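Engineer: Just so it is clear, I am handing over entry-v7.cif, which has mmCIF, C-alpha atoms and all ligand atoms.
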data_input
loop_
_atom_site.label_atom_id
_atom_site.label_comp_id
_atom_site.auth_asym_id
_atom_site.auth_seq_id
_atom_site.Cartn_x
_atom_site.Cartn_y
_atom_site.Cartn_z
CA MET A 1 76.81 74.69 85.13
CA ASN A 2 78.04 77.14 82.50
CA GLU A 3 74.94 79.26 82.71
CA PRO A 4 75.85 82.68 84.02
CA LEU A 5 75.67 82.70 87.80
CA VAL A 6 75.66 86.43 87.91
CA SER A 7 73.18 89.19 87.59
CA VAL A 8 75.08 92.39 87.80
CA SER A 9 73.55 95.17 89.81
CA GLY A 10 76.82 97.07 89.70
CA ARG A 11 75.41 99.30 92.39
CA LEU A 12 77.95 98.83 95.15
CA LEU A 13 80.91 97.72 93.13
CA SER A 14 82.51 101.12 93.03
CA GLU A 15 84.06 103.00 95.93
CA PRO A 16 81.35 104.25 98.28
CA THR A 17 80.99 108.02 98.27
CA CYS A 18 78.79 108.48 101.35
CA PHE A 19 78.06 106.76 104.67
CA ASP A 20 74.90 105.09 103.33
CA GLU A 21 76.88 103.24 100.64
CA VAL A 22 79.38 101.72 103.05
CA LEU A 23 78.85 97.94 103.17
CA ASN A 24 79.86 97.33 106.76
CA GLN A 25 77.49 99.63 108.60
CA GLY A 26 78.24 99.64 112.29
CA ARG A 27 79.19 101.76 115.25
CA ALA A 28 82.11 103.45 113.48
CA VAL A 29 79.92 104.54 110.55
CA ASN A 30 77.07 105.65 112.85
CA GLU A 31 79.34 107.69 115.09
CA LEU A 32 81.06 109.44 112.18
CA ARG A 33 77.71 110.23 110.58
CA ARG A 34 76.45 111.62 113.90
CA ARG A 35 79.50 113.87 114.17
CA VAL A 36 78.71 115.36 110.78
CA GLN A 37 75.02 115.79 111.63
CA ARG A 38 75.85 117.51 114.94
CA LYS A 39 78.78 119.41 113.46
CA GLN A 40 80.91 118.23 116.37
CA HIS A 41 84.28 116.97 115.25
CA LEU A 42 86.27 116.80 118.45
CA PRO A 43 87.90 114.88 120.04
CA SER A 44 90.10 113.32 117.37
CA ILE A 45 89.60 109.74 116.22
CA VAL A 46 91.50 106.50 115.76
CA LEU A 47 89.95 104.25 113.10
CA HIS A 48 91.31 100.75 113.42
CA GLY A 49 90.41 97.32 112.09
CA PRO A 50 91.70 94.58 109.81
CA LYS A 51 93.40 95.32 106.51
CA GLY A 52 91.00 95.99 103.65
CA VAL A 53 87.98 96.62 105.88
CA GLY A 54 87.49 100.15 104.51
CA LYS A 55 89.08 102.44 107.10
CA LYS A 56 90.66 104.80 104.58
CA THR A 57 87.46 104.94 102.56
CA LEU A 58 85.55 105.81 105.71
CA ALA A 59 88.12 108.43 106.69
CA ARG A 60 87.78 110.03 103.27
CA ILE A 61 83.96 110.03 103.38
CA TYR A 62 84.06 111.54 106.87
CA ALA A 63 86.63 114.15 105.93
CA GLU A 64 84.65 115.30 102.91
CA ALA A 65 81.39 115.47 104.87
CA ALA A 66 83.03 117.17 107.84
CA ARG A 67 84.60 119.83 105.63
CA CYS A 68 81.38 120.39 103.66
CA GLU A 69 79.66 123.71 104.39
CA ALA A 70 76.14 122.29 104.16
CA PRO A 71 76.11 118.51 104.69
CA THR A 72 72.90 116.59 103.95
CA GLU A 73 70.61 115.28 106.68
CA GLN A 74 72.12 111.82 106.21
CA GLY A 75 75.54 113.27 106.92
CA GLY A 76 76.69 113.32 103.31
CA ARG A 77 78.60 116.06 101.51
CA CYS A 78 76.48 118.51 99.53
CA ASP A 79 78.63 118.42 96.38
CA LYS A 80 77.77 122.08 95.76
CA CYS A 81 79.68 124.23 98.23
CA SER A 82 83.15 125.57 97.51
CA THR A 83 84.80 123.05 99.87
CA CYS A 84 83.09 120.11 98.14
CA LYS A 85 84.22 121.53 94.81
CA SER A 86 87.77 121.90 96.07
CA PHE A 87 87.78 118.17 96.96
CA LYS A 88 86.92 117.34 93.40
CA GLY A 89 89.51 119.63 91.89
CA SER A 90 93.20 119.02 91.72
CA GLY A 91 95.49 120.03 94.56
CA GLU A 92 94.86 119.87 98.29
CA PRO A 93 91.64 121.39 99.57
CA LEU A 94 92.23 124.13 102.12
CA GLY A 95 92.09 122.94 105.72
CA PHE A 96 92.48 119.30 104.79
CA VAL A 97 95.64 117.20 105.03
CA TRP A 98 96.11 113.55 104.14
CA ALA A 99 99.48 112.31 105.37
CA ASN A 100 101.24 109.01 105.89
CA GLY A 101 102.49 108.41 109.44
CA ALA A 102 105.72 106.96 108.10
CA GLY A 103 106.50 109.77 105.68
CA GLU A 104 107.77 113.32 105.67
CA GLY A 105 104.35 114.78 104.92
CA LEU A 106 103.09 114.68 108.50
CA PRO A 107 105.94 116.59 110.20
CA ARG A 108 105.91 119.09 107.33
CA ALA A 109 102.17 119.68 107.62
CA LEU A 110 102.44 119.96 111.41
CA ARG A 111 105.16 122.59 111.14
CA LYS A 112 102.93 124.52 108.78
CA LEU A 113 100.00 124.18 111.18
CA ALA A 114 102.20 125.47 114.03
CA GLN A 115 103.16 128.49 111.93
CA VAL A 116 99.71 129.51 110.79
CA GLY A 117 97.98 128.52 114.02
CA THR A 118 94.90 127.18 112.24
CA PHE A 119 93.88 125.89 108.84
CA GLY A 120 90.59 127.73 108.81
CA GLU A 121 87.27 126.35 109.96
CA ARG A 122 86.98 122.62 110.79
CA PRO A 123 90.56 121.75 109.87
CA LEU A 124 90.98 118.04 109.35
CA PHE A 125 94.07 115.90 109.30
CA VAL A 126 93.92 112.26 108.18
CA VAL A 127 97.01 110.27 109.17
CA VAL A 128 97.18 106.83 107.56
CA GLU A 129 99.56 104.13 108.82
CA ALA A 130 99.36 105.88 112.18
CA GLU A 131 101.33 103.08 113.82
CA LYS A 132 104.40 104.32 111.92
CA ILE A 133 104.44 107.90 113.17
CA THR A 134 108.08 108.84 113.62
CA ASP A 135 109.66 110.74 116.50
CA GLU A 136 110.04 113.74 114.24
CA GLY A 137 106.95 115.81 114.76
CA TYR A 138 105.49 113.53 117.44
CA ASP A 139 105.64 116.17 120.18
CA GLU A 140 104.27 118.70 117.77
CA LEU A 141 101.47 116.29 116.97
CA LEU A 142 100.49 115.94 120.62
CA LYS A 143 100.56 119.70 120.99
CA ALA A 144 98.35 120.11 117.95
CA ILE A 145 95.85 117.56 119.30
CA GLU A 146 95.70 119.34 122.65
CA GLU A 147 95.96 122.98 121.70
CA THR A 148 94.33 123.44 118.29
CA GLN A 149 90.79 122.81 117.08
CA THR A 150 92.10 120.43 114.45
CA THR A 151 90.38 117.06 114.07
CA PHE A 152 92.86 114.26 113.55
CA VAL A 153 91.75 110.96 112.07
CA PHE A 154 94.37 108.30 112.68
CA VAL A 155 93.98 105.21 110.51
CA THR A 156 95.72 101.96 111.40
CA ASP A 157 95.60 98.16 111.01
CA LEU A 158 97.54 97.85 114.25
CA GLU A 159 95.73 99.76 116.98
CA LYS A 160 98.03 98.66 119.77
CA SER A 161 101.08 99.92 117.86
CA VAL A 162 99.77 103.47 117.81
CA ARG A 163 101.42 105.41 120.62
CA ALA A 164 99.37 105.28 123.81
CA ALA A 165 99.57 109.07 124.21
CA ILE A 166 97.76 109.46 120.90
CA ARG A 167 95.15 106.79 121.59
CA SER A 168 94.34 108.22 124.99
CA ARG A 169 93.56 111.60 123.43
CA CYS A 170 91.21 110.14 120.82
CA VAL A 171 87.96 108.24 120.54
CA ASN A 172 88.82 104.79 119.19
CA TYR A 173 86.48 103.17 116.67
CA LEU A 174 86.82 99.63 115.42
CA VAL A 175 85.77 99.21 111.79
CA LYS A 176 84.47 95.65 111.64
CA PRO A 177 84.20 93.22 108.74
CA LEU A 178 80.70 92.04 107.79
CA SER A 179 79.26 89.00 109.55
CA SER A 180 79.12 85.73 107.59
CA SER A 181 75.39 86.10 107.02
CA ALA A 182 75.67 89.70 105.80
CA THR A 183 78.57 88.71 103.53
CA ARG A 184 76.51 85.86 102.10
CA GLN A 185 73.54 88.14 101.56
CA PHE A 186 75.66 90.64 99.65
CA LEU A 187 77.40 88.01 97.51
CA CYS A 188 74.10 86.26 96.90
CA GLY A 189 72.53 89.46 95.64
CA GLU A 190 75.45 90.30 93.40
CA LEU A 191 75.95 86.81 92.03
CA ALA A 192 72.30 85.65 91.97
CA PRO A 193 72.81 81.89 91.87
CA GLN A 194 71.13 80.02 89.03
CA ARG A 195 71.64 76.49 90.27
CA ALA A 196 71.00 76.07 93.96
CA SER A 197 73.31 73.23 94.93
CA ALA A 198 76.50 74.18 93.13
CA ALA A 199 75.93 77.86 93.72
CA SER A 200 75.45 77.37 97.44
CA GLN A 201 78.83 75.62 97.72
CA VAL A 202 80.44 78.35 95.64
CA LEU A 203 78.92 80.93 97.98
CA ASP A 204 80.26 79.09 101.04
CA VAL A 205 83.75 79.26 99.56
CA LEU A 206 83.39 82.94 98.66
CA VAL A 207 82.07 83.83 102.13
CA ALA A 208 84.93 82.01 103.86
CA HIS A 209 87.50 83.45 101.47
CA THR A 210 86.43 87.08 101.74
CA ARG A 211 85.86 87.04 105.53
CA GLY A 212 83.53 90.01 105.43
CA ILE A 213 86.20 92.38 104.09
CA PRO A 214 84.34 94.71 101.69
CA GLY A 215 87.31 95.25 99.36
CA GLU A 216 87.77 91.48 99.02
CA MET A 217 84.05 90.90 98.52
CA ILE A 218 83.98 93.37 95.66
CA ARG A 219 87.14 91.87 94.17
CA VAL A 220 85.71 88.34 94.10
CA VAL A 221 82.37 89.54 92.72
CA ARG A 222 84.22 91.19 89.84
CA LEU A 223 86.39 88.11 89.37
CA VAL A 224 83.45 85.70 89.28
CA GLN A 225 81.41 88.01 87.08
CA SER A 226 84.20 88.27 84.54
CA SER A 227 84.65 84.51 84.34
CA ALA A 228 82.52 82.31 82.08
CA ASP A 229 82.71 79.20 84.27
CA HIS A 230 81.13 79.43 87.73
CA SER A 231 81.64 75.86 88.84
CA LEU A 232 83.23 75.24 92.23
CA ASP A 233 86.47 74.05 90.60
CA ALA A 234 86.67 77.08 88.33
CA VAL A 235 86.06 79.49 91.20
CA ARG A 236 88.70 77.74 93.32
CA GLY A 237 91.11 78.09 90.42
CA GLU A 238 90.38 81.81 90.02
CA LEU A 239 90.93 82.40 93.74
CA GLU A 240 94.09 80.27 93.85
CA LEU A 241 92.56 77.83 96.30
CA ASP A 242 93.98 74.67 94.73
CA TRP A 243 96.86 74.29 97.16
CA PRO A 244 95.23 71.55 99.30
CA LEU A 245 95.37 69.16 96.32
CA GLU A 246 99.00 70.03 95.66
CA LEU A 247 99.95 69.56 99.32
CA ALA A 248 97.96 66.33 99.63
CA GLY A 249 100.39 64.80 97.12
CA ALA A 250 103.24 65.32 99.60
CA TRP A 251 101.18 64.65 102.72
CA ALA A 252 102.97 61.45 103.89
CA ARG A 253 106.29 63.30 103.70
CA ILE A 254 104.93 66.38 105.48
CA LEU A 255 103.65 64.19 108.33
CA ARG A 256 107.25 63.05 108.94
CA THR A 257 108.77 66.55 109.16
CA ASP A 258 109.27 66.17 112.94
CA ILE A 259 111.44 63.09 112.26
CA ASP A 260 113.03 63.68 108.86
CA GLY A 261 113.22 67.48 108.96
CA TRP A 262 111.87 70.03 106.53
CA ASP A 263 111.80 68.80 102.99
CA LEU A 264 109.90 71.52 101.22
CA PRO A 265 107.46 70.03 98.70
CA GLU A 266 107.47 71.83 95.36
CA PRO A 267 104.02 73.50 95.63
CA LEU A 268 104.90 75.10 98.95
CA ARG A 269 108.00 76.88 97.73
CA ALA A 270 106.23 79.68 95.90
CA VAL A 271 104.50 81.15 98.98
CA PRO A 272 105.93 83.04 102.00
CA VAL A 273 106.98 80.91 104.94
CA ASN A 274 104.13 82.03 107.23
CA GLU A 275 101.67 80.99 104.58
CA GLN A 276 103.48 77.65 104.08
CA LEU A 277 103.12 76.91 107.78
CA ARG A 278 99.54 78.10 107.88
CA ARG A 279 98.59 75.75 105.06
CA VAL A 280 100.24 72.75 106.69
CA ARG A 281 98.48 73.51 109.98
CA ALA A 282 95.13 73.95 108.23
CA LEU A 283 95.53 70.62 106.45
CA LEU A 284 96.57 68.90 109.66
CA LEU A 285 93.53 70.28 111.49
CA TYR A 286 91.37 69.09 108.62
CA ALA A 287 92.80 65.55 108.84
CA ILE A 288 92.53 65.43 112.64
CA ASN A 289 88.91 66.61 112.50
CA GLU A 290 88.24 64.05 109.77
CA GLY A 291 87.31 66.62 107.19
CA ASP A 292 84.92 68.60 109.39
CA VAL A 293 85.49 72.29 108.67
CA GLY A 294 82.25 73.87 109.87
CA VAL A 295 83.84 76.33 112.23
CA GLU A 296 82.40 79.75 113.05
CA LEU A 297 83.58 82.19 115.66
CA LYS A 298 81.44 85.18 116.71
CA GLY A 299 79.31 84.93 113.58
CA ARG A 300 82.35 84.89 111.31
CA SER A 301 83.73 82.00 109.35
CA VAL A 302 87.19 80.90 110.47
CA THR A 303 87.25 78.02 108.01
CA ASP A 304 89.93 77.92 105.38
CA ALA A 305 88.03 78.53 102.15
CA ALA A 306 90.37 76.23 100.25
CA LEU A 307 89.28 73.26 102.38
CA LEU A 308 85.53 73.78 102.10
CA HIS A 309 83.50 71.19 100.19
CA ARG A 310 86.44 68.99 99.26
CA ASP A 311 85.24 65.56 98.19
CA LYS A 312 85.32 62.38 100.30
CA GLU A 313 88.33 60.97 98.44
CA PHE A 314 90.42 63.97 99.44
CA ALA A 315 89.47 63.61 103.11
CA LYS A 316 90.05 59.83 102.97
CA LEU A 317 93.55 60.29 101.61
CA LEU A 318 94.59 62.75 104.33
CA ILE A 319 92.98 60.81 107.17
CA GLY A 320 94.32 57.49 105.83
CA GLU A 321 97.88 58.75 105.76
CA LEU A 322 97.57 60.23 109.23
CA ASN A 323 96.32 56.86 110.51
CA ALA A 324 99.11 55.01 108.72
CA ALA A 325 101.74 57.33 110.17
CA ALA A 326 100.28 56.79 113.66
CA ALA A 327 100.34 52.98 113.23
CA GLU A 328 103.95 53.16 112.07
CA ARG A 329 104.88 55.04 115.24
CA GLY A 330 102.84 52.74 117.46
CA VAL A 331 100.57 55.52 118.76
CA SER A 332 96.89 56.33 118.23
CA SER A 333 95.88 58.80 115.52
CA ARG A 334 94.67 61.13 118.25
CA GLN A 335 98.02 61.06 120.00
CA LEU A 336 99.88 61.69 116.76
CA GLY A 337 97.45 64.48 115.91
CA ALA A 338 98.09 66.20 119.25
CA HIS A 339 101.84 65.76 118.92
CA LEU A 340 101.96 67.13 115.37
CA THR A 341 99.68 70.05 116.25
CA SER A 342 102.05 71.28 118.93
CA PHE A 343 105.04 70.51 116.69
CA TRP A 344 103.68 72.60 113.79
CA CYS A 345 102.60 75.46 116.05
CA ALA A 346 106.18 75.95 117.23
CA TYR A 347 108.04 74.84 114.11
CA VAL A 348 110.33 77.19 112.21
CA PRO A 349 111.77 75.78 108.97
CA PRO A 350 115.61 75.77 109.05
CA GLN A 351 116.11 78.28 106.23
CA HIS A 352 114.02 80.74 108.24
CA ALA A 353 115.58 80.05 111.61
CA PHE A 354 116.70 83.68 111.90
CA ASP A 355 113.38 85.19 110.88
CA PRO A 356 110.93 86.17 113.60
CA PRO A 357 108.75 83.22 114.68
CA ALA A 358 105.75 82.55 112.50
CA VAL A 359 102.46 83.87 113.83
CA ALA A 360 99.74 81.44 114.86
CA PRO A 361 96.82 81.14 112.44
CA ASP A 362 94.01 83.52 113.27
ZN ZN A 401 79.51 120.77 100.45
#
Would you mind writing the file's structure down as structure tokens?

Structural biologist:
Amino acid sequence: MNEPLVSVSGRLLSEPTCFDEVLNQGRAVNELRRRVQRKQHLPSIVLHGPKGVGKKTLARIYAEAARCEAPTEQGGRCDKCSTCKSFKGSGEPLGFVWANGAGEGLPRALRKLAQVGTFGERPLFVVVEAEKITDEGYDELLKAIEETQTTFVFVTDLEKSVRAAIRSRCVNYLVKPLSSSATRQFLCGELAPQRASAASQVLDVLVAHTRGIPGEMIRVVRLVQSSADHSLDAVRGELELDWPLELAGAWARILRTDIDGWDLPEPLRAVPVNEQLRRVRALLLYAINEGDVGVELKGRSVTDAALLHRDKEFAKLLIGELNAAAAERGVSSRQLGAHLTSFWCAYVPPQHAFDPPAVAPD
């Protein structure tokens, strides 16, 4: 078990520098590449998708290729022209602005754009956290989108929070996480399992934990590679996935929260309240489904990685206590399960009564 699980290729573990190196190839990558190849950079773009999926990386790759004077056939930057060189140097390359929607940088850059009229050929504005664009400069922004030849790339985790007037003037591209099978293939290649059975369970946990988010996949590969022990327990420890065992110790008490009120067990106190609730719900679902966690949705794992491949004793304990609680209340386990599911979906712990309601698990 202590034999190294890893064979390091190292190849993709650094930030991608061109479209071909991006892990989650898809429509967004193809369309951006095509823009570079055709030298057509209008209309402006909204890049949206889950946190960590690589939107900013993609925006940077696109910006560099779009600004390049002689991009390669694959839509990559040439690395030789003066614009490519200016990207590598210090200071801001001419005609390129990277601003945060929430900050002062965007209105300032827009005022400058309004003064000079244009930033030269193929001017490109990347606006990250586009959902936070303030009123200051907003009108100017719309004017710039409509009246100048500037390409704006708006980057956001929250597409619907970007003002509708901006979205309607842009092409919207969703940057998707990798599918479960593509995630597994990548992790498999990077971590080349030595011992089939243990390694396959470790891979299941890693796939569920990283959810096809490239940044997370690279983080766990590095983490596992730097650790000497690649057993399932060791990997769970590294990824902080031991909470089910800690919660199981307080399970009987947690099952009575609807009667006795919130009595926060010690292991739960260290995490934010949304995460506390999510963990209780995940454990409840696990007990109700009698330890069956094989859930996939649209080719992606929606299983909680921390609950994968737990042993029979763990499942028996949770199910046993659920059954005992049901017997005590004179209802069936199914009835209690349904009751507690709706209770925990709506429940807000008293010390957080004034916080916004917790979001449902995704
Ligand atoms: Zn170039």

Engineer: Residues within 10 Å of ligand ZN 401 (chain A), counting all atoms listed in the file: report them as a PDB file with C-alpha atoms, keeping the file's coordinate frame.

Structural biologist:
ATOM      1  CA  GLU A  64      84.650 115.300 102.910  1.00  0.00           C
ATOM      2  CA  ALA A  65      81.390 115.470 104.870  1.00  0.00           C
ATOM      3  CA  ALA A  66      83.030 117.170 107.840  1.00  0.00           C
ATOM      4  CA  ARG A  67      84.600 119.830 105.630  1.00  0.00           C
ATOM      5  CA  CYS A  68      81.380 120.390 103.660  1.00  0.00           C
ATOM      6  CA  GLU A  69      79.660 123.710 104.390  1.00  0.00           C
ATOM      7  CA  ALA A  70      76.140 122.290 104.160  1.00  0.00           C
ATOM      8  CA  PRO A  71      76.110 118.510 104.690  1.00  0.00           C
ATOM      9  CA  THR A  72      72.900 116.590 103.950  1.00  0.00           C
ATOM     10  CA  GLY A  76      76.690 113.320 103.310  1.00  0.00           C
ATOM     11  CA  ARG A  77      78.600 116.060 101.510  1.00  0.00           C
ATOM     12  CA  CYS A  78      76.480 118.510  99.530  1.00  0.00           C
ATOM     13  CA  ASP A  79      78.630 118.420  96.380  1.00  0.00           C
ATOM     14  CA  LYS A  80      77.770 122.080  95.760  1.00  0.00           C
ATOM     15  CA  CYS A  81      79.680 124.230  98.230  1.00  0.00           C
ATOM     16  CA  SER A  82      83.150 125.570  97.510  1.00  0.00           C
ATOM     17  CA  THR A  83      84.800 123.050  99.870  1.00  0.00           C
ATOM     18  CA  CYS A  84      83.090 120.110  98.140  1.00  0.00           C
ATOM     19  CA  LYS A  85      84.220 121.530  94.810  1.00  0.00           C
ATOM     20  CA  SER A  86      87.770 121.900  96.070  1.00  0.00           C
ATOM     21  CA  PHE A  87      87.780 118.170  96.960  1.00  0.00           C
TER      22      PHE A  87
END

Engineer: Neighbours of A:Leu47 within 12 Å (only C-alpha atoms; same-chain residues fewer than 5 positions away dropped), as number ranges by chain?

Structural biologist: A: 27-29, 31-32, 53-60, 62, 126-131, 152-160, 162, 167, 170-176

Engineer: Selected residues, C-alpha atoms, written as a compact mmCIF listing (two decimals), in the coordinates of the input, please.

Structural biologist:
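What landed in out_1.txt:
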# COMPACT_ATOMS: atom_id res chain seq x y z
CA ARG A 27 79.19 101.76 115.25
CA ALA A 28 82.11 103.45 113.48
CA VAL A 29 79.92 104.54 110.55
CA GLU A 31 79.34 107.69 115.09
CA LEU A 32 81.06 109.44 112.18
CA VAL A 53 87.98 96.62 105.88
CA GLY A 54 87.49 100.15 104.51
CA LYS A 55 89.08 102.44 107.10
CA LYS A 56 90.66 104.80 104.58
CA THR A 57 87.46 104.94 102.56
CA LEU A 58 85.55 105.81 105.71
CA ALA A 59 88.12 108.43 106.69
CA ARG A 60 87.78 110.03 103.27
CA TYR A 62 84.06 111.54 106.87
CA VAL A 126 93.92 112.26 108.18
CA VAL A 127 97.01 110.27 109.17
CA VAL A 128 97.18 106.83 107.56
CA GLU A 129 99.56 104.13 108.82
CA ALA A 130 99.36 105.88 112.18
CA GLU A 131 101.33 103.08 113.82
CA PHE A 152 92.86 114.26 113.55
CA VAL A 153 91.75 110.96 112.07
CA PHE A 154 94.37 108.30 112.68
CA VAL A 155 93.98 105.21 110.51
CA THR A 156 95.72 101.96 111.40
CA ASP A 157 95.60 98.16 111.01
CA LEU A 158 97.54 97.85 114.25
CA GLU A 159 95.73 99.76 116.98
CA LYS A 160 98.03 98.66 119.77
CA VAL A 162 99.77 103.47 117.81
CA ARG A 167 95.15 106.79 121.59
CA CYS A 170 91.21 110.14 120.82
CA VAL A 171 87.96 108.24 120.54
CA ASN A 172 88.82 104.79 119.19
CA TYR A 173 86.48 103.17 116.67
CA LEU A 174 86.82 99.63 115.42
CA VAL A 175 85.77 99.21 111.79
CA LYS A 176 84.47 95.65 111.64

Engineer: One decimal, Å: what's the distance from atom CA of A:Val202 over to atom CA of A:Leu232, could you say?

Structural biologist: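 Going from atom CA of A:Val202 over to atom CA of A:Leu232, I get 5.4 Å.
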
Engineer: To one decimal in Å, tell me the separation between atom CA of A:Arg222 and atom CA of A:Thr210.

Structural biologist: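 Interatomic distance, atom CA of A:Arg222 to atom CA of A:Thr210: 12.8 Å.
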
Engineer: How many Å lie between atom CA of A:Cys18 and atom CA of A:Leu223, rounded to one decimal?

Structural biologist: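 About the pair atom CA of A:Cys18 and atom CA of A:Leu223: they are 24.8 Å apart.
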
Engineer: Which of these residues is nearest to A:Asp20, using only C-alpha atoms: A:Ala252, A:Ile61, A:Leu42, A:Ala315?

Structural biologist: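 Closest to A:Asp20, using only C-alpha atoms: A:Ile61.
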
Engineer: Measuring between all atoms listed in the file, which one of A:Thr134, A:Thr341, A:Gln115, A:Ser44 shows the shortest distance to A:Asp258?

Structural biologist: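 Looking at the shortest contact to A:Asp258, the residue is A:Thr341.
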
Engineer: Report as an NGL selection string all protein, DNA and RNA residues lying within 8 Å of A:Pro244, evaluated on only C-alpha atoms, omitting residues in the same chain fewer than 6 positions from it.

Structural biologist: :A and (279 or 283 or 306-307)

Engineer: Up to 10 Å from (96.3, 60.8, 105.9) in the file's coordinates: name the residues, counting all atoms listed in the file, as a list in words.

Structural biologist: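 Residues satisfying the cut-off, written out: Ala248, Trp251, Ala252, Leu255, Leu283, Leu284, Ala287, Ile288, Glu290, Phe314, Ala315, Lys316, Leu317, Leu318, Ile319, Gly320, Glu321, Leu322, Asn323, Ala324, Ala325, Ala326 and Ser333 of chain A.
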
Engineer: Kindly compute an axis-aligned box around the listed atoms of stretch 136-151 of chain A, allowing 8 Å on each side, and express its centre and edge lengths in Å to one decimal as AutoDock Vina command-line options.

Structural biologist:
--center_x 100.2 --center_y 118.5 --center_z 118.4 --size_x 35.7 --size_y 25.9 --size_z 24.6

Engineer: Find the residues near A:Phe96: any atom within 6 Å, counting only C-alpha atoms, skip ones fewer than 6 places away on the same chain, and give them as a list in words.

Structural biologist: Pro123, Leu124 and Phe125 of chain A

Engineer: From the set A:Arg281, A:His339, A:Thr183, A:Leu264, which residue has the shortest atom-to-atom contact distance to A:Gly215, counting all atoms listed in the file?

Structural biologist: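 Ranked by minimum distance to A:Gly215, first place goes to A:Thr183.
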